file input_10.cif (mmCIF, C-alpha atoms)
data_input
loop_
_atom_site.label_atom_id
_atom_site.label_comp_id
_atom_site.auth_asym_id
_atom_site.auth_seq_id
_atom_site.Cartn_x
_atom_site.Cartn_y
_atom_site.Cartn_z
CA MET A 29 13.89 -7.75 21.79
CA GLY A 30 11.76 -10.62 23.14
CA LYS A 31 9.04 -8.26 24.39
CA VAL A 32 9.12 -6.32 21.13
CA LEU A 33 8.40 -9.48 19.13
CA ASN A 34 5.08 -9.97 20.90
CA LEU A 35 3.79 -6.45 20.21
CA PRO A 36 2.03 -4.94 17.15
CA VAL A 37 4.03 -3.34 14.33
CA LEU A 38 3.02 -0.24 12.38
CA GLY A 39 3.71 -0.25 8.64
CA ILE A 40 3.95 2.79 6.35
CA GLU A 41 3.94 2.69 2.54
CA SER A 42 4.82 5.75 0.44
CA SER A 43 7.13 4.46 -2.30
CA CYS A 44 5.05 5.67 -5.25
CA ASP A 45 1.48 7.01 -5.46
CA GLU A 46 -0.30 5.03 -2.75
CA THR A 47 -0.24 6.47 0.76
CA ALA A 48 -0.94 3.69 3.25
CA ALA A 49 -0.67 2.72 6.89
CA ALA A 50 -1.44 -0.58 8.61
CA LEU A 51 -1.15 -2.09 12.05
CA LEU A 52 -0.49 -5.83 12.41
CA GLY A 53 -0.41 -7.97 15.51
CA ALA A 54 2.73 -10.00 16.09
CA ASP A 55 0.82 -13.04 14.80
CA GLY A 56 0.10 -11.30 11.49
CA ARG A 57 -3.52 -10.39 12.24
CA ILE A 58 -4.52 -7.13 10.55
CA LEU A 59 -5.66 -4.84 13.37
CA ALA A 60 -6.32 -1.81 11.13
CA GLU A 61 -5.33 -0.65 7.66
CA THR A 62 -5.98 2.19 5.26
CA VAL A 63 -4.91 3.23 1.76
CA ALA A 64 -5.37 6.66 0.21
CA SER A 65 -5.22 6.69 -3.58
CA GLN A 66 -3.66 9.58 -5.48
CA GLU A 67 -5.14 8.62 -8.85
CA ALA A 68 -7.12 11.84 -9.21
CA GLU A 69 -4.02 13.98 -8.67
CA HIS A 70 -1.89 12.15 -11.25
CA ALA A 71 -4.47 11.18 -13.90
CA PRO A 72 -4.34 14.52 -15.77
CA TYR A 73 -0.63 13.94 -16.40
CA GLY A 74 -0.95 10.33 -17.57
CA GLY A 75 1.36 9.01 -14.88
CA VAL A 76 2.86 9.64 -11.48
CA VAL A 77 4.41 13.08 -10.93
CA PRO A 78 7.04 12.61 -8.18
CA GLU A 79 6.68 16.08 -6.63
CA ILE A 80 2.89 15.82 -6.45
CA ALA A 81 3.19 12.34 -4.92
CA ALA A 82 5.64 13.50 -2.23
CA ARG A 83 3.44 16.45 -1.26
CA ALA A 84 0.38 14.19 -1.07
CA HIS A 85 2.21 11.71 1.18
CA LEU A 86 3.23 14.58 3.48
CA ALA A 87 -0.36 15.84 3.68
CA LEU A 88 -2.01 12.44 4.13
CA LEU A 89 0.28 10.28 6.26
CA PRO A 90 -0.13 11.87 9.72
CA ASP A 91 -3.91 11.49 9.69
CA LEU A 92 -3.73 7.99 8.18
CA VAL A 93 -1.36 6.84 10.92
CA ARG A 94 -3.46 8.39 13.67
CA GLY A 95 -6.53 6.76 12.13
CA VAL A 96 -5.20 3.20 12.13
CA MET A 97 -3.91 3.57 15.68
CA ALA A 98 -7.29 4.87 16.85
CA ARG A 99 -9.24 2.10 15.11
CA ALA A 100 -6.99 -0.50 16.71
CA GLY A 101 -7.40 1.20 20.08
CA LEU A 102 -3.65 1.42 20.64
CA GLY A 103 -1.18 4.09 21.62
CA PHE A 104 2.29 4.47 20.11
CA ALA A 105 3.89 3.27 23.35
CA GLU A 106 2.21 -0.12 22.79
CA LEU A 107 4.04 -0.75 19.50
CA GLY A 108 6.80 -3.28 19.05
CA GLY A 109 8.28 -1.45 16.06
CA VAL A 110 7.67 0.84 13.11
CA ALA A 111 8.41 -0.26 9.53
CA ALA A 112 8.41 1.92 6.42
CA SER A 113 9.20 1.37 2.76
CA ALA A 114 12.70 2.79 2.34
CA GLY A 115 13.24 1.82 -1.30
CA PRO A 116 13.18 1.24 -4.15
CA GLY A 117 10.79 3.96 -5.28
CA LEU A 118 10.38 7.70 -5.70
CA ILE A 119 12.85 9.37 -3.37
CA GLY A 120 10.49 12.15 -2.21
CA GLY A 121 7.84 9.74 -1.02
CA LEU A 122 10.41 7.41 0.54
CA ILE A 123 11.84 10.30 2.55
CA VAL A 124 8.40 11.35 3.80
CA GLY A 125 7.41 7.85 4.92
CA SER A 126 10.79 7.09 6.46
CA GLN A 127 10.89 10.33 8.42
CA VAL A 128 7.38 9.79 9.80
CA ALA A 129 8.35 6.26 10.84
CA LYS A 130 11.61 7.38 12.43
CA GLY A 131 9.83 10.13 14.35
CA ILE A 132 7.36 7.64 15.81
CA ALA A 133 10.16 5.19 16.62
CA ILE A 134 12.09 7.90 18.50
CA ALA A 135 9.02 9.13 20.39
CA ALA A 136 7.87 5.63 21.34
CA GLY A 137 11.33 4.23 21.98
CA VAL A 138 10.80 1.27 19.62
CA PRO A 139 12.87 -0.23 16.76
CA TYR A 140 12.73 1.21 13.25
CA VAL A 141 12.79 -1.13 10.24
CA ALA A 142 13.74 0.11 6.75
CA VAL A 143 11.76 -2.22 4.52
CA ASN A 144 12.76 -3.04 0.98
CA HIS A 145 9.53 -2.61 -0.99
CA LEU A 146 10.32 -5.64 -3.17
CA GLU A 147 10.94 -7.84 -0.14
CA ALA A 148 7.59 -6.69 1.27
CA HIS A 149 5.93 -8.10 -1.86
CA ALA A 150 8.07 -11.24 -1.60
CA LEU A 151 7.13 -11.96 2.02
CA THR A 152 3.38 -11.38 1.59
CA ALA A 153 3.04 -15.12 0.91
CA ARG A 154 4.08 -15.78 4.51
CA LEU A 155 1.18 -13.81 6.01
CA PRO A 156 -0.77 -16.22 8.21
CA GLY A 157 -4.13 -16.84 6.58
CA LEU A 158 -2.88 -16.95 2.98
CA VAL A 159 -1.05 -20.21 3.62
CA GLU A 160 -1.61 -22.07 6.87
CA GLY A 161 1.39 -21.30 9.01
CA GLY A 162 2.82 -19.07 6.27
CA ALA A 163 4.57 -20.19 3.09
CA PRO A 164 7.76 -22.13 3.94
CA PHE A 165 11.10 -21.10 2.46
CA PRO A 166 12.24 -21.50 -0.23
CA TYR A 167 9.71 -20.51 -2.86
CA LEU A 168 9.68 -18.84 -6.26
CA LEU A 169 8.43 -15.26 -6.61
CA LEU A 170 7.19 -13.70 -9.84
CA LEU A 171 7.01 -9.97 -9.18
CA ILE A 172 5.08 -8.15 -11.92
CA SER A 173 4.22 -4.49 -11.48
CA GLY A 174 4.50 -1.12 -13.17
CA GLY A 175 8.16 -0.76 -12.30
CA HIS A 176 9.38 -4.31 -11.79
CA CYS A 177 9.28 -7.65 -13.57
CA GLN A 178 11.51 -10.36 -12.15
CA CYS A 179 11.71 -13.96 -11.03
CA VAL A 180 13.28 -14.42 -7.61
CA ALA A 181 14.23 -17.42 -5.50
CA VAL A 182 13.10 -16.42 -2.00
CA GLU A 183 15.35 -18.42 0.31
CA GLY A 184 14.80 -16.58 3.57
CA VAL A 185 14.37 -13.15 5.14
CA GLY A 186 16.91 -10.95 3.40
CA ARG A 187 18.09 -13.86 1.26
CA HIS A 188 16.94 -13.62 -2.35
CA VAL A 189 18.44 -14.71 -5.67
CA ARG A 190 17.25 -13.05 -8.87
CA LEU A 191 16.80 -15.64 -11.60
CA GLY A 192 15.56 -13.31 -14.33
CA SER A 193 14.28 -9.79 -14.96
CA THR A 194 13.00 -7.51 -17.69
CA MET A 195 15.42 -6.27 -20.32
CA ASP A 196 13.32 -3.16 -21.02
CA ASP A 197 9.74 -2.38 -19.97
CA ALA A 198 8.02 -3.96 -16.99
CA ALA A 199 4.74 -5.75 -17.62
CA GLY A 200 2.68 -3.13 -15.80
CA GLU A 201 4.37 -0.36 -17.76
CA ALA A 202 3.39 -2.11 -20.99
CA PHE A 203 -0.22 -2.35 -19.79
CA ASP A 204 -0.31 1.38 -19.03
CA LYS A 205 1.25 2.35 -22.37
CA VAL A 206 -1.10 0.18 -24.40
CA ALA A 207 -4.06 1.50 -22.41
CA LYS A 208 -2.95 5.01 -23.33
CA LEU A 209 -2.80 4.03 -27.00
CA LEU A 210 -6.41 2.86 -26.67
CA GLY A 211 -7.50 6.10 -24.99
CA LEU A 212 -8.20 4.46 -21.63
CA GLY A 213 -6.33 6.93 -19.46
CA TRP A 214 -4.21 6.16 -16.42
CA PRO A 215 -3.77 3.83 -14.59
CA GLY A 216 -4.48 1.60 -17.53
CA GLY A 217 -4.28 -1.97 -16.24
CA PRO A 218 -7.77 -2.37 -14.72
CA ALA A 219 -9.46 -0.47 -17.58
CA LEU A 220 -7.66 -2.56 -20.21
CA GLU A 221 -8.67 -5.80 -18.50
CA GLN A 222 -12.28 -4.67 -18.43
CA LEU A 223 -12.18 -3.71 -22.13
CA ALA A 224 -10.48 -6.99 -23.07
CA ALA A 225 -13.33 -8.98 -21.53
CA GLY A 226 -15.49 -8.08 -24.53
CA GLY A 227 -12.82 -8.62 -27.19
CA ASP A 228 -11.47 -11.43 -29.38
CA PRO A 229 -7.98 -12.40 -28.13
CA ALA A 230 -7.21 -14.13 -31.43
CA ARG A 231 -8.08 -11.12 -33.62
CA TYR A 232 -4.53 -9.72 -33.85
CA ASP A 233 -1.40 -11.85 -34.15
CA LEU A 234 0.95 -10.07 -31.76
CA PRO A 235 4.52 -11.17 -30.96
CA ARG A 236 5.43 -13.14 -27.83
CA PRO A 237 8.87 -11.71 -26.93
CA MET A 238 11.36 -14.20 -25.43
CA LEU A 239 8.86 -17.06 -25.70
CA GLY A 240 10.67 -20.40 -25.46
CA ARG A 241 14.11 -18.91 -24.92
CA PRO A 242 16.38 -20.31 -22.19
CA GLY A 243 16.26 -18.60 -18.83
CA CYS A 244 13.50 -16.41 -17.47
CA ASP A 245 14.26 -12.87 -18.60
CA PHE A 246 11.45 -10.72 -20.01
CA SER A 247 10.97 -8.14 -22.76
CA PHE A 248 7.81 -6.16 -23.47
CA SER A 249 9.05 -3.23 -25.55
CA GLY A 250 8.59 -5.05 -28.88
CA LEU A 251 5.06 -6.13 -27.96
CA LYS A 252 4.15 -2.57 -27.05
CA THR A 253 5.54 -1.35 -30.38
CA ALA A 254 3.57 -4.00 -32.29
CA VAL A 255 0.35 -2.82 -30.64
CA ALA A 256 1.17 0.78 -31.59
CA GLN A 257 1.59 -0.32 -35.21
CA VAL A 258 -1.77 -2.13 -35.17
CA VAL A 259 -3.49 0.93 -33.73
CA ALA A 260 -1.85 3.17 -36.34
CA ARG A 261 -3.09 0.93 -39.17
CA LEU A 262 -6.64 1.20 -37.88
CA GLY A 263 -6.68 4.91 -38.68
CA GLU A 264 -6.59 8.22 -36.86
CA GLY A 265 -8.87 9.18 -34.01
CA ALA A 266 -10.67 7.01 -31.49
CA LEU A 267 -10.91 3.34 -32.41
CA PRO A 268 -14.33 1.70 -32.83
CA ALA A 269 -15.27 0.01 -29.57
CA ALA A 270 -15.11 -3.50 -31.04
CA ALA A 271 -11.64 -2.95 -32.53
CA ALA A 272 -10.31 -1.49 -29.30
CA ALA A 273 -11.64 -4.47 -27.35
CA ASP A 274 -9.99 -6.89 -29.78
CA VAL A 275 -6.64 -5.08 -29.47
CA ALA A 276 -6.89 -5.12 -25.68
CA ALA A 277 -7.78 -8.82 -25.59
CA SER A 278 -5.01 -9.76 -28.04
CA PHE A 279 -2.44 -7.80 -26.05
CA GLN A 280 -3.57 -9.25 -22.73
CA ARG A 281 -3.36 -12.81 -24.07
CA ALA A 282 0.15 -12.16 -25.41
CA VAL A 283 1.33 -10.86 -22.04
CA ALA A 284 -0.29 -13.75 -20.16
CA GLU A 285 1.33 -16.33 -22.45
CA VAL A 286 4.75 -14.70 -22.14
CA LEU A 287 4.50 -14.54 -18.35
CA ALA A 288 3.40 -18.18 -18.18
CA ASP A 289 6.30 -19.27 -20.39
CA ARG A 290 8.88 -17.29 -18.43
CA ALA A 291 7.43 -18.61 -15.16
CA ALA A 292 7.71 -22.17 -16.49
CA HIS A 293 11.42 -21.66 -17.16
CA ALA A 294 11.83 -20.06 -13.73
CA MET A 295 10.16 -23.03 -12.05
CA ALA A 296 12.62 -25.37 -13.77
CA LEU A 297 15.51 -23.26 -12.51
CA MET A 298 13.98 -23.17 -9.04
CA ARG A 299 13.56 -26.94 -8.97
CA ALA A 300 17.25 -27.34 -9.85
CA ARG A 301 18.21 -25.00 -6.96
CA ALA A 302 15.78 -26.39 -4.40
CA PRO A 303 14.16 -29.72 -5.36
CA ALA A 304 11.62 -29.45 -2.52
CA ALA A 305 10.33 -26.02 -3.64
CA ARG A 306 6.84 -26.32 -5.12
CA LEU A 307 5.27 -22.88 -4.58
CA LEU A 308 5.01 -20.10 -7.18
CA VAL A 309 4.05 -16.78 -5.60
CA VAL A 310 2.88 -13.96 -7.86
CA ALA A 311 2.79 -10.40 -6.53
CA GLY A 312 2.61 -6.83 -7.79
CA GLY A 313 -0.15 -4.89 -9.53
CA VAL A 314 -0.27 -7.09 -12.66
CA ALA A 315 -0.93 -10.10 -10.40
CA ALA A 316 -4.45 -8.70 -10.00
CA ASN A 317 -5.20 -9.42 -13.69
CA GLY A 318 -7.50 -12.43 -14.04
CA ALA A 319 -6.13 -13.65 -17.38
CA VAL A 320 -2.58 -13.51 -16.04
CA ARG A 321 -3.56 -15.44 -12.90
CA THR A 322 -5.26 -18.13 -14.96
CA ALA A 323 -2.26 -18.58 -17.28
CA LEU A 324 0.15 -18.75 -14.35
CA ARG A 325 -2.04 -21.22 -12.46
CA GLU A 326 -2.11 -23.54 -15.47
CA ALA A 327 1.67 -23.23 -15.94
CA ALA A 328 2.23 -23.97 -12.25
CA GLU A 329 0.03 -27.07 -12.38
CA ARG A 330 1.91 -28.39 -15.41
CA ALA A 331 5.19 -27.95 -13.53
CA GLY A 332 3.94 -29.56 -10.34
CA PHE A 333 3.87 -26.24 -8.48
CA THR A 334 1.04 -24.51 -6.62
CA LEU A 335 0.25 -20.89 -7.46
CA LEU A 336 -0.26 -18.51 -4.57
CA ALA A 337 -1.73 -15.13 -5.55
CA PRO A 338 -2.49 -12.77 -2.65
CA PRO A 339 -5.91 -11.07 -2.53
CA VAL A 340 -6.11 -8.30 -5.12
CA ARG A 341 -5.87 -5.56 -2.49
CA LEU A 342 -2.53 -7.03 -1.34
CA CYS A 343 -1.12 -7.29 -4.88
CA THR A 344 -0.86 -3.53 -5.32
CA ASP A 345 1.18 -1.31 -2.98
CA ASN A 346 -0.10 -1.49 0.59
CA ALA A 347 1.11 -1.07 4.16
CA VAL A 348 0.03 -4.53 5.33
CA MET A 349 2.93 -6.10 3.46
CA VAL A 350 5.30 -3.46 4.85
CA ALA A 351 4.23 -4.14 8.44
CA TRP A 352 4.55 -7.88 7.87
CA ALA A 353 8.04 -7.51 6.40
CA GLY A 354 8.87 -5.44 9.47
CA ILE A 355 7.67 -8.26 11.73
CA GLU A 356 9.71 -10.83 9.77
CA ARG A 357 12.87 -8.72 9.97
CA LEU A 358 12.44 -7.93 13.67
CA ARG A 359 12.06 -11.65 14.36
CA ALA A 360 15.36 -12.17 12.54
CA GLY A 361 17.06 -9.42 14.57
CA LEU A 362 17.33 -7.10 11.58
CA ALA A 363 16.22 -3.68 12.87
CA ASP A 364 17.86 -0.60 11.31
CA GLY A 365 19.57 2.52 12.61
CA LEU A 366 17.86 5.90 12.45
CA ASP A 367 20.63 7.05 10.09
CA PHE A 368 19.42 4.67 7.35
CA ALA A 369 19.00 6.70 4.15
CA PRO A 370 16.13 5.84 1.75
CA ARG A 371 17.30 4.33 -1.54
CA PRO A 372 15.49 4.99 -4.82
CA ARG A 373 17.35 1.96 -6.24
CA TRP A 374 17.70 -1.01 -3.92
CA GLY A 375 17.90 -4.53 -5.30
CA LEU A 376 16.85 -7.57 -3.31
CA GLU A 377 20.34 -9.00 -3.66
CA GLU A 378 21.68 -6.03 -1.64
CA LEU A 379 19.70 -6.95 1.48
CA ALA A 380 21.26 -8.16 4.70
CA GLY A 381 19.74 -11.51 5.52
CA ALA A 382 19.08 -13.67 8.51
CA ALA A 383 21.34 -16.59 9.22
CA ALA A 384 20.37 -19.73 7.33
#
call {"tool": "encode", "arguments": {"input": "input_10.cif", "output": "structure tokens"}}
result
Amino acid sequence: MGKVLNLPVLGIESSCDETAAALLGADGRILAETVASQEAEHAPYGGVVPEIAARAHLALLPDLVRGVMARAGLGFAELGGVAASAGPGLIGGLIVGSQVAKGIAIAAGVPYVAVNHLEAHALTARLPGLVEGGAPFPYLLLLISGGHCQCVAVEGVGRHVRLGSTMDDAAGEAFDKVAKLLGLGWPGGPALEQLAAGGDPARYDLPRPMLGRPGCDFSFSGLKTAVAQVVARLGEGALPAAAAADVAASFQRAVAEVLADRAAHAMALMRARAPAARLLVVAGGVAANGAVRTALREAAERAGFTLLAPPVRLCTDNAVMVAWAGIERLRAGLADGLDFAPRPRWGLEELAGAAA
């Protein structure tokens, strides 16, 4: 295992609608990476179609993997391991990525690592270069994406404690649904943020679900419904541009304020668990939103925490985080058997962890 830990690791991401491969040196340096978007394939349906996604992964992955290996100037025999997202996610895509990774691992005679997609987001903060030497454990993670919204105490590799989660919709799901109400298409988050930049965030008095309540659970269903009622009152057909911008800005502010409030409660809980913890890490697609980042940064400063938000390209699904999680788990002696079955549902609390 000692030799393996000094060699590059290949990461594969195929848990939803992004097909990605990346090669990282053992020190975390990105040797090569690539991401192929499937937006054009899914946009006509207003969301991800699992069967289309799985077929696209199958068509794209072999060339993507060969491409990153060629750009890095490495052969498969020079790898120290192969890591792939094995859950949670869409089972078809998880199977494709896992089988490609296992095939390479068998052919090259190297370890295979089944990466939990949520842990990959959680460990991104430890990538050298984001924080000098990597973020030290423990720290607080706010994971906000299209499918997940939770606060997690990250205590070590494979050791995570969920402090709060959404009771209904995830934040990214709410962004996409409101964007659809405004006729912005899919995916809606970036388009809604752009529209909101020209709107008045105080124009519509929208609810702030769970604001001020104990704990750090989330709820966005009521906010989404309130936006639908506002849009319905504005009449049928396409909204005037100014009205649509005001709705988008009002919604975005509401989400940002709710996330900041929930994060503040989570930081208090984290401080009680680990008094030395002073880092709030935000990850997932919604972490790319500027208004959300600003609100979280201000909340972190008030609580005596520092906000760490990865570069936008590392907030959304990518293979860099998968390769890095593979490196972390290999260092902890946590390689997986080739009989590991992908899991569409796989909570962080179910992970096997390294010794404390």
call {"tool": "resolve_selection", "arguments": {"input": "input_10.cif", "expression": "the PyMOL selection byres ((chain A and resi 44) around 7)", "output": "MDAnalysis selection string"}}
result
chainID A and resid 42:43 45:46 81 117:118 121
call {"tool": "resolve_selection", "arguments": {"input": "input_10.cif", "expression": "the PyMOL selection byres ((chain A and resi 215) around 12)", "output": "PyMOL selection string"}}
result
chain A and resi 45+65-76+173-174+200-208+211-214+216-221+313-314
call {"tool": "closest_residue", "arguments": {"input": "input_10.cif", "among": "A:Val283, A:Ala337, A:Val93, A:Leu358", "to": "Phe246 in chain A", "atoms": "all atoms listed in the file"}}
result
A:Val283
call {"tool": "closest_residue", "arguments": {"input": "input_10.cif", "among": "A:Glu377, A:Pro338, A:Ala136, A:Pro370", "to": "Val310 in chain A", "atoms": "all atoms listed in the file"}}
result
A:Pro338
call {"tool": "closest_residue", "arguments": {"input": "input_10.cif", "among": "A:Glu264, A:Glu356, A:Glu285, A:Asp197", "to": "Pro229 in chain A", "atoms": "only C-alpha atoms"}}
result
A:Glu285
call {"tool": "atom_distance", "arguments": {"input": "input_10.cif", "atom1": "CA of Ala311 in chain A", "atom2": "CA of Leu362 in chain A"}}
result
23.5 Å
call {"tool": "atom_distance", "arguments": {"input": "input_10.cif", "atom1": "CA of Ala363 in chain A", "atom2": "CA of Gly109 in chain A"}}
result
8.8 Å
call {"tool": "closest_residue", "arguments": {"input": "input_10.cif", "among": "A:Ala142, A:Val182, A:Ala315, A:Ala323", "to": "Val340 in chain A", "atoms": "only C-alpha atoms"}}
result
A:Ala315
call {"tool": "resolve_selection", "arguments": {"input": "input_10.cif", "expression": "the PyMOL selection byres ((chain A and resi 249) around 10)", "output": "list in words"}}
result
Thr194, Met195, Asp196, Asp197, Ala198, Ala199, Glu201, Ala202, Pro237, Phe246, Ser247, Phe248, Gly250, Leu251, Lys252, Thr253 and Ala254 of chain A
call {"tool": "residues_around", "arguments": {"input": "input_10.cif", "residues": "Leu38 in chain A", "least_positions_apart": "3", "cutoff": "10 Å", "atoms": "only C-alpha atoms", "output": "ChimeraX atom specification"}}
result
/A:49-53,59-61,93,96-97,104,107-112,129,132-133,140,347-348,350-352,354-355
call {"tool": "atom_distance", "arguments": {"input": "input_10.cif", "atom1": "CA of Glu106 in chain A", "atom2": "CA of Arg371 in chain A"}}
result
29.0 Å
call {"tool": "axis_aligned_box", "arguments": {"input": "input_10.cif", "around": "range 368-376 of chain A", "padding_each_side": "4 Å", "output": "lines of an AutoDock Vina configuration file"}}
result
center_x = 17.5
center_y = -0.4
center_z = 0.6
size_x = 11.9
size_y = 22.3
size_z = 21.6
call {"tool": "closest_residue", "arguments": {"input": "input_10.cif", "among": "A:Arg321, A:Arg231, A:Arg306, A:Arg301", "to": "Phe279 in chain A", "atoms": "all atoms listed in the file"}}
result
A:Arg231
call {"tool": "closest_residue", "arguments": {"input": "input_10.cif", "among": "A:Pro339, A:Gly186, A:Gly39, A:Gly265", "to": "Glu147 in chain A", "atoms": "only C-alpha atoms"}}
result
A:Gly186
call {"tool": "residues_around", "arguments": {"input": "input_10.cif", "residues": "Leu223 in chain A", "least_positions_apart": "4", "cutoff": "8 Å", "atoms": "only C-alpha atoms", "output": "VMD selection string"}}
result
chain A and resid 219 227 272 to 273 276 to 277
